[in-house]
$ cat coords_13.pdb   # PDB, C-alpha atoms and all ligand atoms
ATOM      1  CA  MET A   1     167.240 234.791  72.837
ATOM      2  CA  LEU A   2     166.487 231.719  70.751
ATOM      3  CA  PHE A   3     166.408 232.027  66.962
ATOM      4  CA  THR A   4     163.598 229.933  65.536
ATOM      5  CA  GLN A   5     164.936 230.504  62.001
ATOM      6  CA  LEU A   6     168.168 228.800  63.045
ATOM      7  CA  ILE A   7     166.198 225.787  64.273
ATOM      8  CA  LYS A   8     164.287 225.650  60.976
ATOM      9  CA  ALA A   9     167.442 226.043  58.881
ATOM     10  CA  ASN A  10     168.805 222.837  60.423
ATOM     11  CA  LEU A  11     165.678 220.711  60.112
ATOM     12  CA  LYS A  12     165.513 217.658  57.876
ATOM     13  CA  THR A  13     161.940 216.859  58.882
ATOM     14  CA  LYS A  14     158.619 216.831  57.091
ATOM     15  CA  ASN A  15     156.416 217.943  60.010
ATOM     16  CA  PHE A  16     158.408 218.193  63.221
ATOM     17  CA  GLY A  17     159.367 221.782  64.032
ATOM     18  CA  ARG A  18     157.775 223.208  60.878
ATOM     19  CA  PHE A  19     155.497 225.298  63.086
ATOM     20  CA  ILE A  20     157.253 226.920  66.047
ATOM     21  CA  GLU A  21     155.648 229.065  68.715
ATOM     22  CA  TYR A  22     158.346 230.954  70.628
ATOM     23  CA  PHE A  23     157.930 232.700  73.972
ATOM     24  CA  GLN A  24     160.609 234.770  75.697
ATOM     25  CA  LYS A  25     159.300 233.417  78.973
ATOM     26  CA  LEU A  26     156.585 231.019  79.928
ATOM     27  CA  ASP A  27     155.453 229.098  82.997
ATOM     28  CA  SER A  28     155.613 225.706  81.253
ATOM     29  CA  THR A  29     155.788 224.741  77.583
ATOM     30  CA  ASN A  30     153.781 221.567  78.313
ATOM     31  CA  GLN A  31     151.067 223.636  79.993
ATOM     32  CA  GLU A  32     151.015 226.104  77.097
ATOM     33  CA  ALA A  33     150.714 223.184  74.667
ATOM     34  CA  ILE A  34     147.719 221.862  76.624
ATOM     35  CA  ASN A  35     146.105 225.331  76.572
ATOM     36  CA  ILE A  36     146.652 225.760  72.834
ATOM     37  CA  ILE A  37     145.280 222.312  72.014
ATOM     38  CA  ASN A  38     142.075 223.188  73.849
ATOM     39  CA  GLU A  39     141.615 226.286  71.706
ATOM     40  CA  TYR A  40     142.921 225.509  68.234
ATOM     41  CA  LYS A  41     143.430 222.724  65.765
ATOM     42  CA  ILE A  42     147.134 222.045  65.891
ATOM     43  CA  GLN A  43     149.340 220.619  63.188
ATOM     44  CA  SER A  44     151.128 217.473  64.374
ATOM     45  CA  GLY A  45     154.824 218.161  64.990
ATOM     46  CA  SER A  46     154.300 221.791  66.111
ATOM     47  CA  ILE A  47     156.570 222.949  68.900
ATOM     48  CA  ILE A  48     156.277 225.398  71.783
ATOM     49  CA  ILE A  49     159.635 226.687  72.978
ATOM     50  CA  THR A  50     160.751 229.273  75.488
ATOM     51  CA  ASP A  51     163.984 230.950  76.519
ATOM     52  CA  PHE A  52     162.928 230.957  80.142
ATOM     53  CA  GLN A  53     160.567 228.449  81.673
ATOM     54  CA  TYR A  54     159.862 229.614  85.229
ATOM     55  CA  ASP A  55     157.410 226.972  86.492
ATOM     56  CA  GLY A  56     158.457 223.817  84.653
ATOM     57  CA  LYS A  57     156.821 220.495  85.412
ATOM     58  CA  GLY A  58     158.944 217.409  86.061
ATOM     59  CA  ARG A  59     157.982 213.746  86.372
ATOM     60  CA  ASN A  60     156.245 212.511  89.513
ATOM     61  CA  LYS A  61     154.845 215.983  90.240
ATOM     62  CA  LYS A  62     158.342 217.399  90.808
ATOM     63  CA  LYS A  63     159.396 220.808  89.532
ATOM     64  CA  TRP A  64     161.802 221.213  86.639
ATOM     65  CA  TYR A  65     164.260 224.103  87.058
ATOM     66  CA  SER A  66     165.846 225.870  84.111
ATOM     67  CA  SER A  67     168.026 228.958  83.735
ATOM     68  CA  SER A  68     167.005 231.925  81.635
ATOM     69  CA  GLY A  69     168.766 231.910  78.259
ATOM     70  CA  LYS A  70     170.785 228.768  79.024
ATOM     71  CA  SER A  71     168.529 225.724  78.980
ATOM     72  CA  ILE A  72     166.451 224.012  76.354
ATOM     73  CA  THR A  73     162.793 223.728  77.318
ATOM     74  CA  PHE A  74     160.301 222.828  74.647
ATOM     75  CA  SER A  75     157.281 220.667  73.884
ATOM     76  CA  ILE A  76     156.340 218.843  70.713
ATOM     77  CA  ILE A  77     152.654 218.289  70.038
ATOM     78  CA  ILE A  78     151.877 215.149  68.062
ATOM     79  CA  LYS A  79     148.747 213.371  66.958
ATOM     80  CA  PRO A  80     149.773 209.771  67.517
ATOM     81  CA  ASP A  81     149.178 207.540  64.530
ATOM     82  CA  PHE A  82     150.755 204.466  66.070
ATOM     83  CA  HIS A  83     149.032 201.839  68.151
ATOM     84  CA  LEU A  84     148.534 202.999  71.722
ATOM     85  CA  LYS A  85     150.131 199.894  73.146
ATOM     86  CA  LYS A  86     153.360 201.445  71.856
ATOM     87  CA  LEU A  87     153.046 204.413  74.217
ATOM     88  CA  ASN A  88     155.691 203.098  76.649
ATOM     89  CA  LEU A  89     158.022 202.614  73.722
ATOM     90  CA  LEU A  90     157.411 206.160  72.539
ATOM     91  CA  SER A  91     158.818 207.454  75.800
ATOM     92  CA  LEU A  92     161.956 205.351  75.256
ATOM     93  CA  VAL A  93     162.246 206.547  71.652
ATOM     94  CA  VAL A  94     162.289 210.185  72.805
ATOM     95  CA  GLY A  95     165.231 209.375  75.089
ATOM     96  CA  ILE A  96     167.068 207.660  72.237
ATOM     97  CA  ALA A  97     166.493 210.685  69.963
ATOM     98  CA  ILE A  98     167.913 213.087  72.557
ATOM     99  CA  VAL A  99     170.971 210.934  73.241
ATOM    100  CA  ASN A 100     171.656 210.589  69.498
ATOM    101  CA  ALA A 101     171.337 214.362  69.108
ATOM    102  CA  ILE A 102     173.730 215.068  71.996
ATOM    103  CA  LYS A 103     176.233 212.526  70.636
ATOM    104  CA  LYS A 104     176.492 214.674  67.495
ATOM    105  CA  LEU A 105     178.280 217.203  69.738
ATOM    106  CA  ASN A 106     180.783 214.523  70.777
ATOM    107  CA  ILE A 107     179.318 214.268  74.259
ATOM    108  CA  ASN A 108     178.787 210.763  75.496
ATOM    109  CA  ALA A 109     175.219 210.821  76.774
ATOM    110  CA  THR A 110     173.423 207.736  78.106
ATOM    111  CA  LEU A 111     169.959 206.840  79.401
ATOM    112  CA  LYS A 112     168.636 205.982  82.822
ATOM    113  CA  TRP A 113     165.298 204.189  82.909
ATOM    114  CA  PRO A 114     162.774 205.275  81.846
ATOM    115  CA  ASN A 115     164.176 208.334  80.122
ATOM    116  CA  ASP A 116     166.594 210.476  82.110
ATOM    117  CA  ILE A 117     169.455 211.830  80.044
ATOM    118  CA  ILE A 118     172.743 211.170  81.817
ATOM    119  CA  VAL A 119     176.272 212.414  81.171
ATOM    120  CA  ASN A 120     179.104 211.240  83.458
ATOM    121  CA  ASP A 121     176.647 209.772  85.972
ATOM    122  CA  LYS A 122     174.758 213.057  86.342
ATOM    123  CA  LYS A 123     171.391 214.081  84.963
ATOM    124  CA  CYS A 124     171.376 216.728  82.240
ATOM    125  CA  GLY A 125     167.901 216.256  80.820
ATOM    126  CA  GLY A 126     164.463 214.774  81.262
ATOM    127  CA  ILE A 127     161.241 214.077  79.420
ATOM    128  CA  LEU A 128     157.639 214.560  80.488
ATOM    129  CA  ILE A 129     154.955 213.160  78.195
ATOM    130  CA  GLU A 130     151.379 214.271  78.766
ATOM    131  CA  SER A 131     148.267 213.460  76.787
ATOM    132  CA  LYS A 132     144.985 215.012  75.793
ATOM    133  CA  ILE A 133     142.304 212.358  75.934
ATOM    134  CA  SER A 134     138.843 212.780  74.484
ATOM    135  CA  LYS A 135     136.174 210.067  74.335
ATOM    136  CA  ASP A 136     138.692 207.479  75.605
ATOM    137  CA  LYS A 137     141.042 208.215  72.718
ATOM    138  CA  ILE A 138     144.383 209.966  72.838
ATOM    139  CA  LYS A 139     143.917 213.031  70.645
ATOM    140  CA  TYR A 140     147.314 214.602  71.223
ATOM    141  CA  LEU A 141     150.546 213.745  72.959
ATOM    142  CA  ILE A 142     152.702 216.475  74.394
ATOM    143  CA  ILE A 143     156.340 215.528  74.554
ATOM    144  CA  GLY A 144     158.099 217.927  76.931
ATOM    145  CA  ILE A 145     161.881 218.013  76.812
ATOM    146  CA  GLY A 146     164.174 219.820  79.243
ATOM    147  CA  ILE A 147     167.966 219.860  78.823
ATOM    148  CA  ASN A 148     170.608 221.718  80.816
ATOM    149  CA  VAL A 149     172.820 223.198  78.129
ATOM    150  CA  ASN A 150     174.944 226.258  78.965
ATOM    151  CA  GLU A 151     174.614 226.379  82.776
ATOM    152  CA  ASN A 152     177.607 226.612  85.119
ATOM    153  CA  LEU A 153     177.588 224.371  88.181
ATOM    154  CA  ASN A 154     176.792 227.335  90.464
ATOM    155  CA  GLU A 155     173.583 227.997  88.532
ATOM    156  CA  PHE A 156     171.959 224.815  89.790
ATOM    157  CA  ASP A 157     169.881 224.741  92.945
ATOM    158  CA  SER A 158     172.209 223.610  95.770
ATOM    159  CA  SER A 159     170.135 220.441  96.204
ATOM    160  CA  LEU A 160     170.985 219.466  92.622
ATOM    161  CA  GLU A 161     174.702 220.322  92.450
ATOM    162  CA  SER A 162     175.904 216.770  93.082
ATOM    163  CA  ILE A 163     173.410 215.079  90.754
ATOM    164  CA  ALA A 164     172.951 217.513  87.862
ATOM    165  CA  THR A 165     175.176 218.612  85.019
ATOM    166  CA  SER A 166     174.958 220.580  81.773
ATOM    167  CA  LEU A 167     176.338 219.966  78.304
ATOM    168  CA  TYR A 168     178.594 223.020  78.750
ATOM    169  CA  ILE A 169     180.086 221.603  81.958
ATOM    170  CA  GLU A 170     180.789 218.297  80.233
ATOM    171  CA  LYS A 171     182.107 219.683  76.939
ATOM    172  CA  GLY A 172     183.912 222.745  78.257
ATOM    173  CA  SER A 173     182.581 225.091  75.588
ATOM    174  CA  PRO A 174     179.243 226.829  74.992
ATOM    175  CA  ILE A 175     176.710 225.103  72.804
ATOM    176  CA  GLN A 176     174.242 226.497  70.248
ATOM    177  CA  ARG A 177     170.859 225.465  71.644
ATOM    178  CA  GLU A 178     169.003 225.832  68.336
ATOM    179  CA  LEU A 179     171.212 223.146  66.767
ATOM    180  CA  ILE A 180     170.390 220.593  69.459
ATOM    181  CA  VAL A 181     166.668 221.304  69.140
ATOM    182  CA  ALA A 182     166.878 220.721  65.371
ATOM    183  CA  TYR A 183     168.943 217.540  65.842
ATOM    184  CA  ILE A 184     166.387 216.184  68.345
ATOM    185  CA  LEU A 185     163.475 216.929  65.995
ATOM    186  CA  ASN A 186     165.291 215.275  63.070
ATOM    187  CA  GLU A 187     166.053 212.141  65.094
ATOM    188  CA  LEU A 188     162.642 211.949  66.694
ATOM    189  CA  GLU A 189     160.605 212.227  63.508
ATOM    190  CA  LYS A 190     162.728 209.451  61.985
ATOM    191  CA  LEU A 191     162.431 207.167  65.023
ATOM    192  CA  ILE A 192     158.692 207.689  65.511
ATOM    193  CA  LYS A 193     158.109 206.725  61.866
ATOM    194  CA  LYS A 194     160.115 203.556  62.491
ATOM    195  CA  LEU A 195     157.982 202.831  65.564
ATOM    196  CA  ASN A 196     155.004 202.499  63.211
ATOM    197  CA  TYR A 197     156.310 199.808  60.958
ATOM    198  CA  GLU A 198     159.275 198.206  62.701
ATOM    199  CA  ASN A 199     159.419 195.477  65.229
ATOM    200  CA  SER A 200     159.655 196.940  68.748
ATOM    201  CA  LYS A 201     162.766 194.765  69.312
ATOM    202  CA  ASN A 202     164.839 197.352  67.438
ATOM    203  CA  VAL A 203     163.787 200.139  69.806
ATOM    204  CA  VAL A 204     164.335 197.911  72.816
ATOM    205  CA  ASN A 205     167.837 196.947  71.621
ATOM    206  CA  GLU A 206     168.764 200.499  70.763
ATOM    207  CA  TRP A 207     167.581 201.684  74.193
ATOM    208  CA  LYS A 208     169.511 198.898  75.970
ATOM    209  CA  ASN A 209     172.708 199.835  74.114
ATOM    210  CA  LEU A 210     172.402 203.399  75.403
ATOM    211  CA  CYS A 211     171.380 202.511  78.970
ATOM    212  CA  CYS A 212     174.028 203.160  81.662
ATOM    213  CA  HIS A 213     172.821 200.640  84.256
ATOM    214  CA  ILE A 214     172.130 197.287  82.572
ATOM    215  CA  ASN A 215     173.067 194.404  84.906
ATOM    216  CA  GLN A 216     173.813 196.879  87.684
ATOM    217  CA  LYS A 217     172.474 197.141  91.188
ATOM    218  CA  VAL A 218     169.705 199.717  91.388
ATOM    219  CA  LYS A 219     167.808 201.133  94.294
ATOM    220  CA  PHE A 220     164.155 201.965  93.734
ATOM    221  CA  SER A 221     160.891 202.363  95.548
ATOM    222  CA  TYR A 222     158.353 199.627  95.013
ATOM    223  CA  ASN A 223     155.170 198.952  96.958
ATOM    224  CA  LYS A 224     156.099 201.892  99.202
ATOM    225  CA  LYS A 225     159.383 200.164 100.180
ATOM    226  CA  THR A 226     162.935 200.905  99.083
ATOM    227  CA  GLU A 227     164.376 197.846  97.364
ATOM    228  CA  ILE A 228     167.700 196.927  95.818
ATOM    229  CA  GLY A 229     167.684 194.736  92.745
ATOM    230  CA  ILE A 230     169.551 194.099  89.503
ATOM    231  CA  PHE A 231     168.300 195.960  86.437
ATOM    232  CA  MET A 232     168.182 193.227  83.796
ATOM    233  CA  GLY A 233     166.840 195.289  80.887
ATOM    234  CA  ILE A 234     163.468 196.058  79.360
ATOM    235  CA  ASN A 235     160.844 193.883  77.699
ATOM    236  CA  ASP A 236     159.164 194.435  74.307
ATOM    237  CA  ASN A 237     156.603 196.753  75.915
ATOM    238  CA  GLY A 238     159.339 199.001  77.301
ATOM    239  CA  GLU A 239     158.782 197.883  80.903
ATOM    240  CA  ALA A 240     161.720 197.401  83.269
ATOM    241  CA  ILE A 241     162.827 193.872  84.214
ATOM    242  CA  ILE A 242     164.406 193.857  87.654
ATOM    243  CA  LYS A 243     165.751 190.859  89.530
ATOM    244  CA  LEU A 244     164.609 191.115  93.110
ATOM    245  CA  ASN A 245     165.302 188.291  95.565
ATOM    246  CA  LYS A 246     165.949 185.835  92.709
ATOM    247  CA  ASN A 247     162.647 186.682  90.953
ATOM    248  CA  ASP A 248     162.242 188.849  87.898
ATOM    249  CA  ILE A 249     159.679 191.574  88.414
ATOM    250  CA  ILE A 250     158.258 193.683  85.623
ATOM    251  CA  LEU A 251     157.613 197.325  86.373
ATOM    252  CA  ASN A 252     156.317 200.161  84.282
ATOM    253  CA  HIS A 253     157.269 203.780  84.803
ATOM    254  CA  THR A 254     154.286 204.498  87.031
ATOM    255  CA  GLN A 255     155.497 201.894  89.513
ATOM    256  CA  ILE A 256     159.131 202.928  89.923
ATOM    257  CA  PHE A 257     159.755 206.396  91.163
ATOM    258  CA  ASP A 258     163.480 206.827  91.045
ATOM    259  CA  ILE A 259     166.181 204.463  90.060
ATOM    260  CA  MET A 260     169.477 205.124  91.785
ATOM    261  CA  MET A 261     172.759 203.469  90.996
ATOM    262  CA  HIS A 262     173.906 201.426  93.966
ATOM    263  CA  ASP A 263     177.476 200.196  94.680
TER     264      ASP A 263
HETATM  265  C1  LIG B   1     161.872 214.998  84.539
HETATM  266  O1  LIG B   1     161.404 215.218  85.664
HETATM  267  O2  LIG B   1     162.896 214.340  84.385
HETATM  268  C2  LIG B   1     161.157 215.528  83.320
HETATM  269  C3  LIG B   1     161.428 216.983  83.081
HETATM  270  C4  LIG B   1     160.701 217.516  81.872
HETATM  271  C5  LIG B   1     160.875 219.025  81.748
HETATM  272  C6  LIG B   1     160.321 219.558  80.454
HETATM  273  S1  LIG B   1     160.927 221.166  80.111
HETATM  274  C7  LIG B   1     159.773 221.381  78.840
HETATM  275  C8  LIG B   1     158.486 220.721  79.274
HETATM  276  N1  LIG B   1     157.630 221.671  79.961
HETATM  277  C9  LIG B   1     157.494 221.356  81.254
HETATM  278  O3  LIG B   1     156.844 222.028  82.093
HETATM  279  N2  LIG B   1     158.187 220.234  81.541
HETATM  280  C10 LIG B   1     158.804 219.682  80.358
END
$ encode --input "coords_13.pdb" --output "structure tokens"
Amino acid sequence: MLFTQLIKANLKTKNFGRFIEYFQKLDSTNQEAINIINEYKIQSGSIIITDFQYDGKGRNKKKWYSSSGKSITFSIIIKPDFHLKKLNLLSLVVGIAIVNAIKKLNINATLKWPNDIIVNDKKCGGILIESKISKDKIKYLIIGIGINVNENLNEFDSSLESIATSLYIEKGSPIQRELIVAYILNELEKLIKKLNYENSKNVVNEWKNLCCHINQKVKFSYNKKTEIGIFMGINDNGEAIIKLNKNDIILNHTQIFDIMMHD
């Protein structure tokens, strides 16, 4: 059970999380957000949250698994009022907001490009941003956030055991999910406002400070080949700069499928 009142009691936001639609179970909060948008006029900052997401969508058409009553799975619906060329940066800002929220619990979370949430070299959360486009304009963005919170190691699919973790595993004590949701919403509303009027350099620098693989060897697929390069950082548009065979190549998140640390 998730208590929406507890989320609201910890909000410091103007719009984010002020309208919450809670479902005990749901196929996918992103999908529900898309369905709702098609039917109603939605207030920007509304969230859809569930205690058990049983058919979650991950990036690159993968599935996102979550455990009933233990994970955080929610989507924030926003009407973007920033310039659309900042869309890449928005995805980075969501990662920064989540890491800042998790750090409030004294857990040292970091980011893997473009926006995997990493603790102790293992993934504990991810972000899937989808959009509703009408007449060539983005009407709504759906920011889907999944975080492993109170799972034990044996609750992960066996294929994930060596690469996934939860906040509980890392901290050693159970964590109130409602608090993290409120912390994320507080951070995100603040950072998205900044995205409107601040130089993108601040976001880029903040992201780089939280990234766990700057100047490290990374393995990734590019042009249908697996390559090994050095991850140099990101540019002002939020694209990855990777040194490959002495040349810097610039890649956006549609071009790199998975970055893996490489010894
Ligand atoms: C990833 O593959 O790293 C992104 C995972 C995103 C999962 C979240 S959980 C809430 C929202 N609803 C979905 O169906 N997916 C996203």
$ closest_atom_pairs --input "coords_13.pdb" --of "chain A" --to "ligand LIG 1 (chain B)" --cutoff "6 Å" --atoms "all atoms listed in the file" --output "tab-separated table"
residue	atom	partner	partner_atom	distance
A:Ser28	CA	B:LIG1	O3	4.0
A:Thr29	CA	B:LIG1	N1	4.3
A:Asn30	CA	B:LIG1	N1	4.2
A:Gly56	CA	B:LIG1	O3	3.5
A:Lys57	CA	B:LIG1	O3	3.7
A:Gly58	CA	B:LIG1	O1	3.3
A:Arg59	CA	B:LIG1	O1	3.8
A:Trp64	CA	B:LIG1	C5	5.4
A:Thr73	CA	B:LIG1	C7	4.1
A:Phe74	CA	B:LIG1	C7	4.5
A:Ser75	CA	B:LIG1	C8	5.5
A:Asp116	CA	B:LIG1	O2	5.8
A:Gly126	CA	B:LIG1	O2	3.5
A:Ile127	CA	B:LIG1	C2	4.2
A:Leu128	CA	B:LIG1	C4	4.5
A:Gly144	CA	B:LIG1	C8	3.7
A:Ile145	CA	B:LIG1	C6	4.3
A:Gly146	CA	B:LIG1	S1	3.6
$ resolve_selection --input "coords_13.pdb" --expression "the PyMOL selection byres (((chain A and resi 130) around 7) and not hetatm)" --output "PyMOL selection string"
chain A and resi 128-129+131+141-143
$ resolve_selection --input "coords_13.pdb" --expression "the PyMOL selection byres (((chain A and resi 106) around 12) and not hetatm)" --output "list in words"
Val99, Asn100, Ala101, Ile102, Lys103, Lys104, Leu105, Ile107, Asn108, Ala109, Val119, Leu167, Tyr168, Glu170, Lys171, Gly172, Ser173 and Ile175 of chain A
$ closest_residue --input "coords_13.pdb" --among "A:Ile138, A:Leu179, A:Ile37, A:Leu92" --to "Val203 of chain A" --atoms "all atoms listed in the file"
A:Leu92
$ residues_near_point --input "coords_13.pdb" --point "(152.8, 200.1, 68.9)" --cutoff "9 Å" --atoms "only C-alpha atoms" --output "list in words"
Phe82, His83, Leu84, Lys85, Lys86, Leu87, Asn88, Leu89, Leu90, Leu195, Asn196, Tyr197, Asn199, Ser200 and Asn237 of chain A
$ resolve_selection --input "coords_13.pdb" --expression "the PyMOL selection byres (((chain A and resi 72) around 9) and not hetatm)" --output "PyMOL selection string"
chain A and resi 49-52+66+69-71+73-74+145-149+177-178+180-181
$ atom_distance --input "coords_13.pdb" --atom1 "atom CA of Glu39 of chain A" --atom2 "atom CA of Thr4 of chain A"
23.1 Å
$ closest_residue --input "coords_13.pdb" --among "A:Ser221, A:Asp121, A:Ile78, A:Lys62" --to "Lys139 of chain A" --atoms "only C-alpha atoms"
A:Ile78
$ residues_around --input "coords_13.pdb" --residues "Tyr65 of chain A" --least-positions-apart "3" --cutoff "8 Å" --atoms "only C-alpha atoms" --output "VMD selection string"
chain A and resid 53 to 56
$ residues_around --input "coords_13.pdb" --residues "Ser162 of chain A" --least-positions-apart "5" --cutoff "12 Å" --atoms "all atoms listed in the file" --output "PDB file with C-alpha atoms, in the frame of the given file"
ATOM      1  CA  ASN A 120     179.104 211.240  83.458  1.00  0.00           C
ATOM      2  CA  ASP A 121     176.647 209.772  85.972  1.00  0.00           C
ATOM      3  CA  LYS A 122     174.758 213.057  86.342  1.00  0.00           C
ATOM      4  CA  LYS A 123     171.391 214.081  84.963  1.00  0.00           C
ATOM      5  CA  CYS A 124     171.376 216.728  82.240  1.00  0.00           C
ATOM      6  CA  LEU A 153     177.588 224.371  88.181  1.00  0.00           C
ATOM      7  CA  ASN A 154     176.792 227.335  90.464  1.00  0.00           C
ATOM      8  CA  PHE A 156     171.959 224.815  89.790  1.00  0.00           C
ATOM      9  CA  ASP A 157     169.881 224.741  92.945  1.00  0.00           C
TER      10      ASP A 157
END
$ axis_aligned_box --input "coords_13.pdb" --around "segment 18-31 of chain A" --padding-each-side "8 Å" --output "lines of an AutoDock Vina configuration file"
center_x = 155.8
center_y = 228.2
center_z = 71.9
size_x = 25.5
size_y = 29.2
size_z = 38.1
$ closest_residue --input "coords_13.pdb" --among "A:Asn150, A:Asn38, A:Asn245, A:Asn205" --to "Ser67 of chain A" --atoms "only C-alpha atoms"
A:Asn150
$ closest_residue --input "coords_13.pdb" --among "A:Lys61, A:Lys112, A:Lys246, A:Arg18" --to "Ile77 of chain A" --atoms "all atoms listed in the file"
A:Arg18
$ decode --input "coords_13.pdb" --residues "segment 28-44 of chain A" --atoms "N, CA and C atoms" --output "mmCIF file, in the first residue's frame"
data_model
loop_
_atom_site.group_PDB
_atom_site.id
_atom_site.type_symbol
_atom_site.label_atom_id
_atom_site.label_comp_id
_atom_site.auth_asym_id
_atom_site.auth_seq_id
_atom_site.Cartn_x
_atom_site.Cartn_y
_atom_site.Cartn_z
ATOM 1 N N SER A 28 1.181 -0.457 -16.707
ATOM 2 C CA SER A 28 2.306 0.470 -16.822
ATOM 3 C C SER A 28 1.808 1.883 -16.524
ATOM 4 N N THR A 29 2.506 2.576 -15.652
ATOM 5 C CA THR A 29 2.073 3.952 -15.321
ATOM 6 C C THR A 29 2.253 4.866 -16.531
ATOM 7 N N ASN A 30 3.294 4.626 -17.342
ATOM 8 C CA ASN A 30 3.466 5.449 -18.555
ATOM 9 C C ASN A 30 2.286 5.228 -19.501
ATOM 10 N N GLN A 31 1.884 3.949 -19.659
ATOM 11 C CA GLN A 31 0.784 3.657 -20.572
ATOM 12 C C GLN A 31 -0.503 4.292 -20.062
ATOM 13 N N GLU A 32 -0.729 4.206 -18.744
ATOM 14 C CA GLU A 32 -1.934 4.804 -18.166
ATOM 15 C C GLU A 32 -1.917 6.325 -18.393
ATOM 16 N N ALA A 33 -0.735 6.924 -18.233
ATOM 17 C CA ALA A 33 -0.627 8.372 -18.457
ATOM 18 C C ALA A 33 -1.016 8.704 -19.901
ATOM 19 N N ILE A 34 -0.529 7.909 -20.844
ATOM 20 C CA ILE A 34 -0.857 8.149 -22.258
ATOM 21 C C ILE A 34 -2.377 8.029 -22.467
ATOM 22 N N ASN A 35 -2.983 6.999 -21.850
ATOM 23 C CA ASN A 35 -4.433 6.811 -22.002
ATOM 24 C C ASN A 35 -5.201 7.996 -21.436
ATOM 25 N N ILE A 36 -4.790 8.455 -20.257
ATOM 26 C CA ILE A 36 -5.508 9.548 -19.593
ATOM 27 C C ILE A 36 -5.410 10.833 -20.418
ATOM 28 N N ILE A 37 -4.202 11.092 -20.922
ATOM 29 C CA ILE A 37 -3.981 12.313 -21.706
ATOM 30 C C ILE A 37 -4.913 12.361 -22.916
ATOM 31 N N ASN A 38 -5.147 11.163 -23.497
ATOM 32 C CA ASN A 38 -6.017 11.120 -24.679
ATOM 33 C C ASN A 38 -7.465 11.417 -24.334
ATOM 34 N N GLU A 39 -7.824 11.238 -23.057
ATOM 35 C CA GLU A 39 -9.231 11.422 -22.684
ATOM 36 C C GLU A 39 -9.528 12.734 -21.980
ATOM 37 N N TYR A 40 -8.583 13.199 -21.162
ATOM 38 C CA TYR A 40 -8.873 14.373 -20.333
ATOM 39 C C TYR A 40 -7.818 15.449 -20.507
ATOM 40 N N LYS A 41 -8.177 16.629 -20.012
ATOM 41 C CA LYS A 41 -7.198 17.710 -19.927
ATOM 42 C C LYS A 41 -6.468 17.510 -18.598
ATOM 43 N N ILE A 42 -5.178 17.413 -18.654
ATOM 44 C CA ILE A 42 -4.445 17.063 -17.437
ATOM 45 C C ILE A 42 -3.626 18.250 -16.957
ATOM 46 N N GLN A 43 -3.626 18.424 -15.654
ATOM 47 C CA GLN A 43 -2.842 19.493 -15.042
ATOM 48 C C GLN A 43 -1.361 19.103 -15.052
ATOM 49 N N SER A 44 -0.502 20.004 -15.515
ATOM 50 C CA SER A 44 0.922 19.688 -15.578
ATOM 51 C C SER A 44 1.449 19.382 -14.175
#
